[in-house]
>>> print(open('protein-v1.cif').read())   # mmCIF, C-alpha atoms
data_query
loop_
_atom_site.group_PDB
_atom_site.id
_atom_site.type_symbol
_atom_site.label_atom_id
_atom_site.label_comp_id
_atom_site.auth_asym_id
_atom_site.auth_seq_id
_atom_site.Cartn_x
_atom_site.Cartn_y
_atom_site.Cartn_z
ATOM 1 C CA MET N 1 296.493 170.071 217.431
ATOM 2 C CA SER N 2 293.107 168.767 218.440
ATOM 3 C CA SER N 3 292.237 170.324 221.818
ATOM 4 C CA LYS N 4 290.023 173.354 221.739
ATOM 5 C CA PRO N 5 291.658 176.631 222.817
ATOM 6 C CA ASP N 6 290.401 177.947 226.166
ATOM 7 C CA TRP N 7 289.574 181.328 224.587
ATOM 8 C CA LEU N 8 287.164 179.781 222.131
ATOM 9 C CA ILE N 9 283.466 178.957 222.523
ATOM 10 C CA GLU N 10 282.003 177.034 219.602
ATOM 11 C CA ARG N 11 278.451 175.852 219.243
ATOM 12 C CA GLU N 12 276.338 174.494 216.423
ATOM 13 C CA VAL N 13 272.740 175.562 216.011
ATOM 14 C CA THR N 14 270.161 174.469 213.466
ATOM 15 C CA ILE N 15 267.973 177.150 211.960
ATOM 16 C CA ASN N 16 265.566 176.343 209.116
ATOM 17 C CA ASN N 17 267.343 172.996 208.634
ATOM 18 C CA HIS N 18 270.614 174.846 208.143
ATOM 19 C CA THR N 19 273.520 174.048 210.476
ATOM 20 C CA ILE N 20 275.259 177.202 211.600
ATOM 21 C CA THR N 21 278.371 177.373 213.750
ATOM 22 C CA TYR N 22 278.740 180.035 216.339
ATOM 23 C CA SER N 23 282.410 180.692 217.112
ATOM 24 C CA TYR N 24 283.176 183.236 219.814
ATOM 25 C CA ASP N 25 286.709 184.294 220.684
ATOM 26 C CA GLN N 26 286.416 185.478 224.300
ATOM 27 C CA GLU N 27 289.907 186.920 224.419
ATOM 28 C CA GLY N 28 289.531 188.983 221.282
ATOM 29 C CA ASP N 29 285.757 189.565 221.581
ATOM 30 C CA VAL N 30 285.307 188.394 217.993
ATOM 31 C CA LEU N 31 282.191 186.487 216.998
ATOM 32 C CA GLU N 32 282.093 184.567 213.747
ATOM 33 C CA ILE N 33 278.849 183.051 212.503
ATOM 34 C CA ILE N 34 279.799 180.351 210.033
ATOM 35 C CA PHE N 35 277.307 179.226 207.400
ATOM 36 C CA GLN N 36 279.567 176.888 205.495
ATOM 37 C CA LYS N 37 283.210 175.935 205.398
ATOM 38 C CA GLY N 38 285.396 177.139 202.587
ATOM 39 C CA GLY N 39 287.619 179.827 201.229
ATOM 40 C CA GLY N 40 286.434 183.165 199.993
ATOM 41 C CA LEU N 41 286.808 186.879 200.304
ATOM 42 C CA GLY N 42 285.766 189.261 203.045
ATOM 43 C CA ILE N 43 283.944 192.530 202.475
ATOM 44 C CA ASP N 44 283.760 195.223 205.143
ATOM 45 C CA LEU N 45 280.072 195.931 205.612
ATOM 46 C CA THR N 46 280.871 198.361 208.433
ATOM 47 C CA GLU N 47 284.048 199.022 210.370
ATOM 48 C CA ASN N 48 283.305 196.028 212.608
ATOM 49 C CA ILE N 49 281.217 193.707 210.453
ATOM 50 C CA VAL N 50 282.701 191.589 207.690
ATOM 51 C CA LEU N 51 280.845 189.346 205.262
ATOM 52 C CA ARG N 52 282.876 186.465 203.827
ATOM 53 C CA TYR N 53 281.486 184.822 200.746
ATOM 54 C CA ASN N 54 282.390 182.513 197.912
ATOM 55 C CA ARG N 55 282.739 184.602 194.776
ATOM 56 C CA ASP N 56 282.074 181.827 192.269
ATOM 57 C CA ARG N 57 279.003 180.366 193.962
ATOM 58 C CA GLN N 58 277.901 183.755 195.347
ATOM 59 C CA GLU N 59 277.113 182.104 198.671
ATOM 60 C CA PRO N 60 277.825 183.406 202.175
ATOM 61 C CA LEU N 61 280.543 181.694 204.203
ATOM 62 C CA SER N 62 280.492 183.675 207.435
ATOM 63 C CA LEU N 63 279.892 186.936 209.241
ATOM 64 C CA ILE N 64 282.690 188.282 211.432
ATOM 65 C CA PHE N 65 281.938 190.762 214.216
ATOM 66 C CA THR N 66 284.990 192.381 215.798
ATOM 67 C CA GLY N 67 284.149 194.042 219.099
ATOM 68 C CA TYR N 68 281.024 191.916 219.337
ATOM 69 C CA SER N 69 280.087 193.003 222.889
ATOM 70 C CA ARG N 70 280.103 196.662 221.957
ATOM 71 C CA LEU N 71 278.194 196.033 218.755
ATOM 72 C CA THR N 72 275.354 194.527 220.721
ATOM 73 C CA GLN N 73 275.334 196.935 223.677
ATOM 74 C CA SER N 74 271.776 198.124 223.949
ATOM 75 C CA THR N 75 270.942 201.808 223.681
ATOM 76 C CA PRO N 76 267.961 203.750 225.118
ATOM 77 C CA PHE N 77 266.448 203.426 221.643
ATOM 78 C CA GLY N 78 267.038 199.706 221.154
ATOM 79 C CA PRO N 79 269.816 197.847 219.351
ATOM 80 C CA PRO N 80 272.461 200.072 217.784
ATOM 81 C CA SER N 81 272.489 200.354 213.986
ATOM 82 C CA PHE N 82 275.501 200.920 211.792
ATOM 83 C CA HIS N 83 275.862 202.576 208.430
ATOM 84 C CA LEU N 84 276.691 200.163 205.599
ATOM 85 C CA ALA N 85 279.033 202.807 204.270
ATOM 86 C CA ALA N 86 281.537 200.584 202.540
ATOM 87 C CA LEU N 87 278.981 199.024 200.203
ATOM 88 C CA ASN N 88 278.856 202.053 197.957
ATOM 89 C CA GLN N 89 282.569 201.715 197.302
ATOM 90 C CA LEU N 90 282.215 198.256 195.753
ATOM 91 C CA PRO N 91 282.115 197.609 192.006
ATOM 92 C CA PRO N 92 278.446 197.394 190.869
ATOM 93 C CA GLU N 93 278.527 193.654 190.195
ATOM 94 C CA MET N 94 279.985 192.894 193.603
ATOM 95 C CA LYS N 95 277.579 195.283 195.317
ATOM 96 C CA GLN N 96 274.656 193.467 193.720
ATOM 97 C CA THR N 97 275.953 190.095 194.903
ATOM 98 C CA VAL N 98 276.452 191.377 198.437
ATOM 99 C CA TRP N 99 272.943 192.894 198.517
ATOM 100 C CA GLN N 100 271.495 189.609 197.352
ATOM 101 C CA ILE N 101 273.315 187.751 200.122
ATOM 102 C CA LEU N 102 272.345 190.309 202.779
ATOM 103 C CA ASN N 103 268.674 190.066 201.916
ATOM 104 C CA ASN N 104 268.441 186.297 201.990
ATOM 105 C CA PHE N 105 268.688 183.491 204.509
ATOM 106 C CA PRO N 106 270.845 182.749 206.386
ATOM 107 C CA VAL N 107 272.483 186.177 206.581
ATOM 108 C CA ASN N 108 269.210 188.072 207.005
ATOM 109 C CA HIS N 109 268.428 185.959 210.050
ATOM 110 C CA PHE N 110 271.307 187.658 211.864
ATOM 111 C CA LEU N 111 271.771 191.008 210.159
ATOM 112 C CA LYS N 112 268.736 193.231 209.765
ATOM 113 C CA VAL N 113 269.102 195.769 206.986
ATOM 114 C CA SER N 114 266.965 198.867 206.572
ATOM 115 C CA GLY N 115 267.102 202.363 205.116
ATOM 116 C CA LEU N 116 267.604 205.601 207.010
ATOM 117 C CA ARG N 117 266.500 208.956 205.655
ATOM 118 C CA LEU N 118 267.557 211.815 207.913
ATOM 119 C CA SER N 119 265.221 214.280 206.214
ATOM 120 C CA PRO N 120 262.240 213.766 203.888
ATOM 121 C CA SER N 121 264.252 214.843 200.865
ATOM 122 C CA GLY N 122 267.523 213.319 202.063
ATOM 123 C CA GLU N 123 269.337 210.422 200.487
ATOM 124 C CA LEU N 124 268.373 206.978 201.739
ATOM 125 C CA GLN N 125 271.285 205.368 203.624
ATOM 126 C CA PRO N 126 271.525 201.610 204.200
ATOM 127 C CA ILE N 127 271.971 200.672 207.854
ATOM 128 C CA THR N 128 272.115 197.393 209.739
ATOM 129 C CA TYR N 129 271.932 195.944 213.210
ATOM 130 C CA LEU N 130 272.696 192.542 214.666
ATOM 131 C CA ALA N 131 269.610 190.668 215.779
ATOM 132 C CA GLN N 132 269.651 189.790 219.482
ATOM 133 C CA LEU N 133 269.387 186.047 219.242
ATOM 134 C CA ALA N 134 269.388 184.003 222.402
ATOM 135 C CA GLU N 135 271.258 181.118 220.774
ATOM 136 C CA LEU N 136 274.189 183.408 219.993
ATOM 137 C CA LEU N 137 274.718 184.953 223.379
ATOM 138 C CA PRO N 138 277.980 183.957 225.082
ATOM 139 C CA GLN N 139 277.427 181.851 228.176
ATOM 140 C CA MET O 1 303.442 176.686 222.556
ATOM 141 C CA ARG O 2 305.101 177.734 219.325
ATOM 142 C CA ARG O 3 304.717 181.360 218.299
ATOM 143 C CA TRP O 4 306.041 183.666 215.610
ATOM 144 C CA ILE O 5 307.229 187.125 216.633
ATOM 145 C CA VAL O 6 307.541 190.003 214.174
ATOM 146 C CA GLN O 7 308.029 193.730 214.359
ATOM 147 C CA ASP O 8 305.651 196.069 212.537
ATOM 148 C CA ARG O 9 306.760 199.164 210.629
ATOM 149 C CA HIS O 10 306.239 201.249 213.784
ATOM 150 C CA GLY O 11 308.565 199.091 215.858
ATOM 151 C CA ASN O 12 305.833 197.243 217.769
ATOM 152 C CA GLU O 13 306.471 193.580 218.561
ATOM 153 C CA ILE O 14 303.524 191.360 217.650
ATOM 154 C CA TYR O 15 303.187 187.614 218.009
ATOM 155 C CA LEU O 16 301.000 184.962 216.466
ATOM 156 C CA THR O 17 300.564 181.699 218.344
ATOM 157 C CA GLU O 18 300.420 178.396 216.521
ATOM 158 C CA GLU O 19 297.046 177.771 218.180
ATOM 159 C CA ARG O 20 295.585 180.890 216.597
ATOM 160 C CA TRP O 21 297.250 180.181 213.265
ATOM 161 C CA GLN O 22 295.657 176.709 213.205
ATOM 162 C CA HIS O 23 292.301 178.256 214.063
ATOM 163 C CA ILE O 24 292.619 180.839 211.263
ATOM 164 C CA GLN O 25 293.433 178.130 208.705
ATOM 165 C CA ARG O 26 290.590 175.936 209.908
ATOM 166 C CA ARG O 27 288.035 178.711 209.582
ATOM 167 C CA HIS O 28 289.384 180.709 206.632
ATOM 168 C CA ASP O 29 290.534 178.285 203.958
ATOM 169 C CA GLU O 30 291.730 181.115 201.741
ATOM 170 C CA LEU O 31 294.720 181.638 204.059
ATOM 171 C CA GLU O 32 295.725 177.991 204.289
ATOM 172 C CA GLY O 33 299.481 177.731 203.851
ATOM 173 C CA ARG O 34 299.946 181.500 203.704
ATOM 174 C CA LEU O 35 301.683 181.979 207.031
ATOM 175 C CA ASP O 36 304.560 183.922 205.459
ATOM 176 C CA ASP O 37 302.133 186.345 203.807
ATOM 177 C CA LEU O 38 300.257 186.823 207.068
ATOM 178 C CA LEU O 39 303.497 187.575 208.935
ATOM 179 C CA ASP O 40 304.579 189.953 206.156
ATOM 180 C CA THR O 41 301.240 191.728 206.499
ATOM 181 C CA LEU O 42 302.140 192.399 210.124
ATOM 182 C CA ARG O 43 305.688 193.437 209.236
ATOM 183 C CA HIS O 44 304.970 195.704 206.306
ATOM 184 C CA GLY O 45 301.215 196.308 206.153
ATOM 185 C CA LEU O 46 299.332 199.533 206.770
ATOM 186 C CA ARG O 47 297.293 199.625 209.935
ATOM 187 C CA THR O 48 294.124 201.354 211.065
ATOM 188 C CA GLN O 49 292.857 201.668 214.610
ATOM 189 C CA GLU O 50 289.339 200.485 215.348
ATOM 190 C CA ALA O 51 287.071 203.258 216.595
ATOM 191 C CA LEU O 52 284.945 201.036 218.831
ATOM 192 C CA GLU O 53 287.959 199.364 220.429
ATOM 193 C CA PRO O 54 291.052 201.568 220.232
ATOM 194 C CA GLN O 55 293.303 198.750 221.480
ATOM 195 C CA LYS O 56 292.594 196.823 218.271
ATOM 196 C CA TYR O 57 294.310 197.487 214.961
ATOM 197 C CA ARG O 58 293.723 196.045 211.532
ATOM 198 C CA TYR O 59 296.784 195.426 209.420
ATOM 199 C CA ARG O 60 296.321 195.048 205.685
ATOM 200 C CA ARG O 61 298.595 194.305 202.751
ATOM 201 C CA ALA O 62 297.824 193.818 199.075
ATOM 202 C CA TYR O 63 297.945 190.224 197.798
ATOM 203 C CA LYS O 64 296.285 189.198 194.593
ATOM 204 C CA ASP O 65 294.501 185.860 194.779
ATOM 205 C CA LEU O 66 292.902 184.513 191.642
ATOM 206 C CA GLN O 67 291.386 181.423 193.236
ATOM 207 C CA TYR O 68 289.284 183.136 195.887
ATOM 208 C CA GLY O 69 289.211 186.688 194.525
ATOM 209 C CA PHE O 70 290.584 188.568 197.521
ATOM 210 C CA ASN O 71 293.166 191.282 197.000
ATOM 211 C CA HIS O 72 294.389 191.900 200.555
ATOM 212 C CA ILE O 73 295.190 189.978 203.693
ATOM 213 C CA VAL O 74 293.752 191.570 206.830
ATOM 214 C CA VAL O 75 295.018 190.717 210.317
ATOM 215 C CA VAL O 76 293.415 191.948 213.548
ATOM 216 C CA VAL O 77 295.856 192.641 216.380
ATOM 217 C CA ILE O 78 295.178 193.435 220.035
ATOM 218 C CA PHE O 79 297.580 195.769 221.790
ATOM 219 C CA ARG O 80 297.766 195.042 225.503
ATOM 220 C CA TYR O 81 300.182 195.038 228.425
ATOM 221 C CA ASP O 82 300.968 192.068 230.610
ATOM 222 C CA GLU O 83 300.991 192.140 234.422
ATOM 223 C CA THR O 84 304.592 193.460 234.440
ATOM 224 C CA GLY O 85 303.661 196.359 232.193
ATOM 225 C CA ALA O 86 305.422 194.920 229.153
ATOM 226 C CA PRO O 87 303.662 195.095 225.763
ATOM 227 C CA ASN O 88 301.622 192.008 224.930
ATOM 228 C CA ASN O 89 300.504 192.483 221.333
ATOM 229 C CA PHE O 90 299.089 189.499 219.485
ATOM 230 C CA ALA O 91 297.220 188.641 216.299
ATOM 231 C CA ILE O 92 293.741 187.290 216.934
ATOM 232 C CA THR O 93 292.325 186.593 213.500
ATOM 233 C CA ALA O 94 292.892 187.140 209.786
ATOM 234 C CA TRP O 95 291.089 186.676 206.493
ATOM 235 C CA GLY O 96 291.389 187.323 202.776
ATOM 236 C CA ALA O 97 289.664 190.626 202.014
ATOM 237 C CA TYR O 98 288.503 192.489 198.974
ATOM 238 C CA ILE O 99 289.313 196.188 199.365
ATOM 239 C CA HIS O 100 288.209 198.287 196.434
ATOM 240 C CA SER O 101 290.747 200.739 195.103
ATOM 241 C CA LYS O 102 289.359 204.124 194.066
ATOM 242 C CA GLU O 103 292.131 204.523 191.465
#
>>> encode(input="protein-v1.cif", output="structure tokens")
Amino acid sequence: MSSKPDWLIEREVTINNHTITYSYDQEGDVLEIIFQKGGGLGIDLTENIVLRYNRDRQEPLSLIFTGYSRLTQSTPFGPPSFHLAALNQLPPEMKQTVWQILNNFPVNHFLKVSGLRLSPSGELQPITYLAQLAELLPQ
Amino acid sequence: MRRWIVQDRHGNEIYLTEERWQHIQRRHDELEGRLDDLLDTLRHGLRTQEALEPQKYRYRRAYKDLQYGFNHIVVVVIFRYDETGAPNNFAITAWGAYIHSKE
């Protein structure tokens, strides 16, 4: 099967000399940003954001956004942020690997991570939002 | 177009088209050749409804994979109705996932 499905928009972009594939499923409203081809495992960063990475090389493979349109719907305060709640449930070694990946290119070009403290003495919570990048917007 | 039709544990009919299966294998190498496991995930897996999009469900089933390190297969399914009002539920994507057990 060689023809491209009509529900799929795929585009390659080059960022910092790195070729990245943007794959948007219009029917399912699922965006996948692919950094490299290969097999790996997916970690739920939030309910709608998955990071796939290669465990042995500790390199990112892709980010999957289910419900992409809603994830990027602007709010009166700017782009919506989401709690990286699932990270705390990972084994320490895996959590460290995921943090490393999140804080480095290419993932940090798309996902912006910060800390949220609801009160001065409250616990710092990791949150993230998807950068609004023109090259990723569906046509 | 070829499609596989299964029934989940709640009695819902769900299909996977060959086009989507080819796309899943092309993008997620860890599931290459694991069609039977993907279909079994739909048949027997637990499901959770997505809060942002209630018409989407994630099905998951435990599968140990030593090569890639995932321990579950996750399949995303959209529940819809066609123009006649009949259910039109289909799998859109799937991947190998690591889900940490608290046990």
>>> interface_residues(input="protein-v1.cif", of="chain O", to="chain N", cutoff="9 Å", atoms="all atoms listed in the file", output="mmCIF file with C-alpha atoms, keeping the file's coordinate frame")
data_model
loop_
_atom_site.group_PDB
_atom_site.id
_atom_site.type_symbol
_atom_site.label_atom_id
_atom_site.label_comp_id
_atom_site.auth_asym_id
_atom_site.auth_seq_id
_atom_site.Cartn_x
_atom_site.Cartn_y
_atom_site.Cartn_z
ATOM 1 C CA GLU O 19 297.046 177.771 218.180
ATOM 2 C CA ARG O 20 295.585 180.890 216.597
ATOM 3 C CA GLN O 22 295.657 176.709 213.205
ATOM 4 C CA HIS O 23 292.301 178.256 214.063
ATOM 5 C CA ARG O 26 290.590 175.936 209.908
ATOM 6 C CA ARG O 27 288.035 178.711 209.582
ATOM 7 C CA HIS O 28 289.384 180.709 206.632
ATOM 8 C CA ASP O 29 290.534 178.285 203.958
ATOM 9 C CA GLU O 30 291.730 181.115 201.741
ATOM 10 C CA LEU O 31 294.720 181.638 204.059
ATOM 11 C CA GLU O 32 295.725 177.991 204.289
ATOM 12 C CA GLU O 50 289.339 200.485 215.348
ATOM 13 C CA ALA O 51 287.071 203.258 216.595
ATOM 14 C CA LEU O 52 284.945 201.036 218.831
ATOM 15 C CA GLU O 53 287.959 199.364 220.429
ATOM 16 C CA LYS O 56 292.594 196.823 218.271
ATOM 17 C CA GLN O 67 291.386 181.423 193.236
ATOM 18 C CA TYR O 68 289.284 183.136 195.887
ATOM 19 C CA GLY O 69 289.211 186.688 194.525
ATOM 20 C CA PHE O 70 290.584 188.568 197.521
ATOM 21 C CA ASN O 71 293.166 191.282 197.000
ATOM 22 C CA VAL O 76 293.415 191.948 213.548
ATOM 23 C CA VAL O 77 295.856 192.641 216.380
ATOM 24 C CA ILE O 78 295.178 193.435 220.035
ATOM 25 C CA ILE O 92 293.741 187.290 216.934
ATOM 26 C CA THR O 93 292.325 186.593 213.500
ATOM 27 C CA TRP O 95 291.089 186.676 206.493
ATOM 28 C CA GLY O 96 291.389 187.323 202.776
ATOM 29 C CA ALA O 97 289.664 190.626 202.014
ATOM 30 C CA TYR O 98 288.503 192.489 198.974
ATOM 31 C CA ILE O 99 289.313 196.188 199.365
ATOM 32 C CA HIS O 100 288.209 198.287 196.434
ATOM 33 C CA SER O 101 290.747 200.739 195.103
ATOM 34 C CA LYS O 102 289.359 204.124 194.066
#
>>> residues_around(input="protein-v1.cif", residues="Gln58 of chain N", least_positions_apart="5", cutoff="10 Å", atoms="all atoms listed in the file", output="list in words")
Gly40, Tyr53, Met94, Thr97, Val98, Gln100 and Ile101 of chain N
>>> residues_around(input="protein-v1.cif", residues="Leu102 of chain N", least_positions_apart="2", cutoff="10 Å", atoms="all atoms listed in the file", output="PDB file with C-alpha atoms, in the frame of the given file")
ATOM      1  CA  LEU N  45     280.072 195.931 205.612  1.00  0.00           C
ATOM      2  CA  LEU N  51     280.845 189.346 205.262  1.00  0.00           C
ATOM      3  CA  PRO N  60     277.825 183.406 202.175  1.00  0.00           C
ATOM      4  CA  GLN N  96     274.656 193.467 193.720  1.00  0.00           C
ATOM      5  CA  THR N  97     275.953 190.095 194.903  1.00  0.00           C
ATOM      6  CA  VAL N  98     276.452 191.377 198.437  1.00  0.00           C
ATOM      7  CA  TRP N  99     272.943 192.894 198.517  1.00  0.00           C
ATOM      8  CA  GLN N 100     271.495 189.609 197.352  1.00  0.00           C
ATOM      9  CA  ASN N 104     268.441 186.297 201.990  1.00  0.00           C
ATOM     10  CA  PHE N 105     268.688 183.491 204.509  1.00  0.00           C
ATOM     11  CA  PRO N 106     270.845 182.749 206.386  1.00  0.00           C
ATOM     12  CA  VAL N 107     272.483 186.177 206.581  1.00  0.00           C
ATOM     13  CA  ASN N 108     269.210 188.072 207.005  1.00  0.00           C
ATOM     14  CA  HIS N 109     268.428 185.959 210.050  1.00  0.00           C
ATOM     15  CA  PHE N 110     271.307 187.658 211.864  1.00  0.00           C
ATOM     16  CA  LEU N 111     271.771 191.008 210.159  1.00  0.00           C
ATOM     17  CA  LYS N 112     268.736 193.231 209.765  1.00  0.00           C
ATOM     18  CA  VAL N 113     269.102 195.769 206.986  1.00  0.00           C
ATOM     19  CA  THR N 128     272.115 197.393 209.739  1.00  0.00           C
TER      20      THR N 128
END
>>> residues_around(input="protein-v1.cif", residues="segment 16-21 of chain N", least_positions_apart="4", cutoff="8 Å", atoms="all atoms listed in the file", output="JSON, numbers by chain")
{"N": [10, 11, 12, 33, 34, 35, 36]}
>>> write_last_selection(input="protein-v1.cif", atoms="C-alpha atoms", output="short mmCIF file (atom, residue, chain, number, x, y, z; two decimals), in the frame of the given file")
data_model
loop_
_atom_site.label_atom_id
_atom_site.label_comp_id
_atom_site.auth_asym_id
_atom_site.auth_seq_id
_atom_site.Cartn_x
_atom_site.Cartn_y
_atom_site.Cartn_z
CA GLU N 10 282.00 177.03 219.60
CA ARG N 11 278.45 175.85 219.24
CA GLU N 12 276.34 174.49 216.42
CA ILE N 33 278.85 183.05 212.50
CA ILE N 34 279.80 180.35 210.03
CA PHE N 35 277.31 179.23 207.40
CA GLN N 36 279.57 176.89 205.50
#
>>> residues_around(input="protein-v1.cif", residues="Leu35 of chain O", least_positions_apart="4", cutoff="10 Å", atoms="only C-alpha atoms", output="MDAnalysis selection string")
chainID O and resid 4 16 21 25 31 39:41
>>> write_last_selection(input="protein-v1.cif", atoms="C-alpha atoms", output="PDB file, in the frame of the given file")
ATOM      1  CA  TRP O   4     306.041 183.666 215.610  1.00  0.00           C
ATOM      2  CA  LEU O  16     301.000 184.962 216.466  1.00  0.00           C
ATOM      3  CA  TRP O  21     297.250 180.181 213.265  1.00  0.00           C
ATOM      4  CA  GLN O  25     293.433 178.130 208.705  1.00  0.00           C
ATOM      5  CA  LEU O  31     294.720 181.638 204.059  1.00  0.00           C
ATOM      6  CA  LEU O  39     303.497 187.575 208.935  1.00  0.00           C
ATOM      7  CA  ASP O  40     304.579 189.953 206.156  1.00  0.00           C
ATOM      8  CA  THR O  41     301.240 191.728 206.499  1.00  0.00           C
TER       9      THR O  41
END
>>> atom_distance(input="protein-v1.cif", atom1="atom CA of Pro126 of chain N", atom2="atom CA of Ser114 of chain N")
5.8 Å
>>> residues_near_point(input="protein-v1.cif", point="(305.4, 186.3, 206.7)", cutoff="12 Å", atoms="all atoms listed in the file", output="ChimeraX atom specification")
/O:4-8,15-16,31,33-45,61,73,75
>>> axis_aligned_box(input="protein-v1.cif", around="segment 56-61 of chain N", padding_each_side="6 Å", output="lines of an AutoDock Vina configuration file")
center_x = 279.6
center_y = 182.1
center_z = 198.2
size_x = 17.0
size_y = 15.4
size_z = 23.9
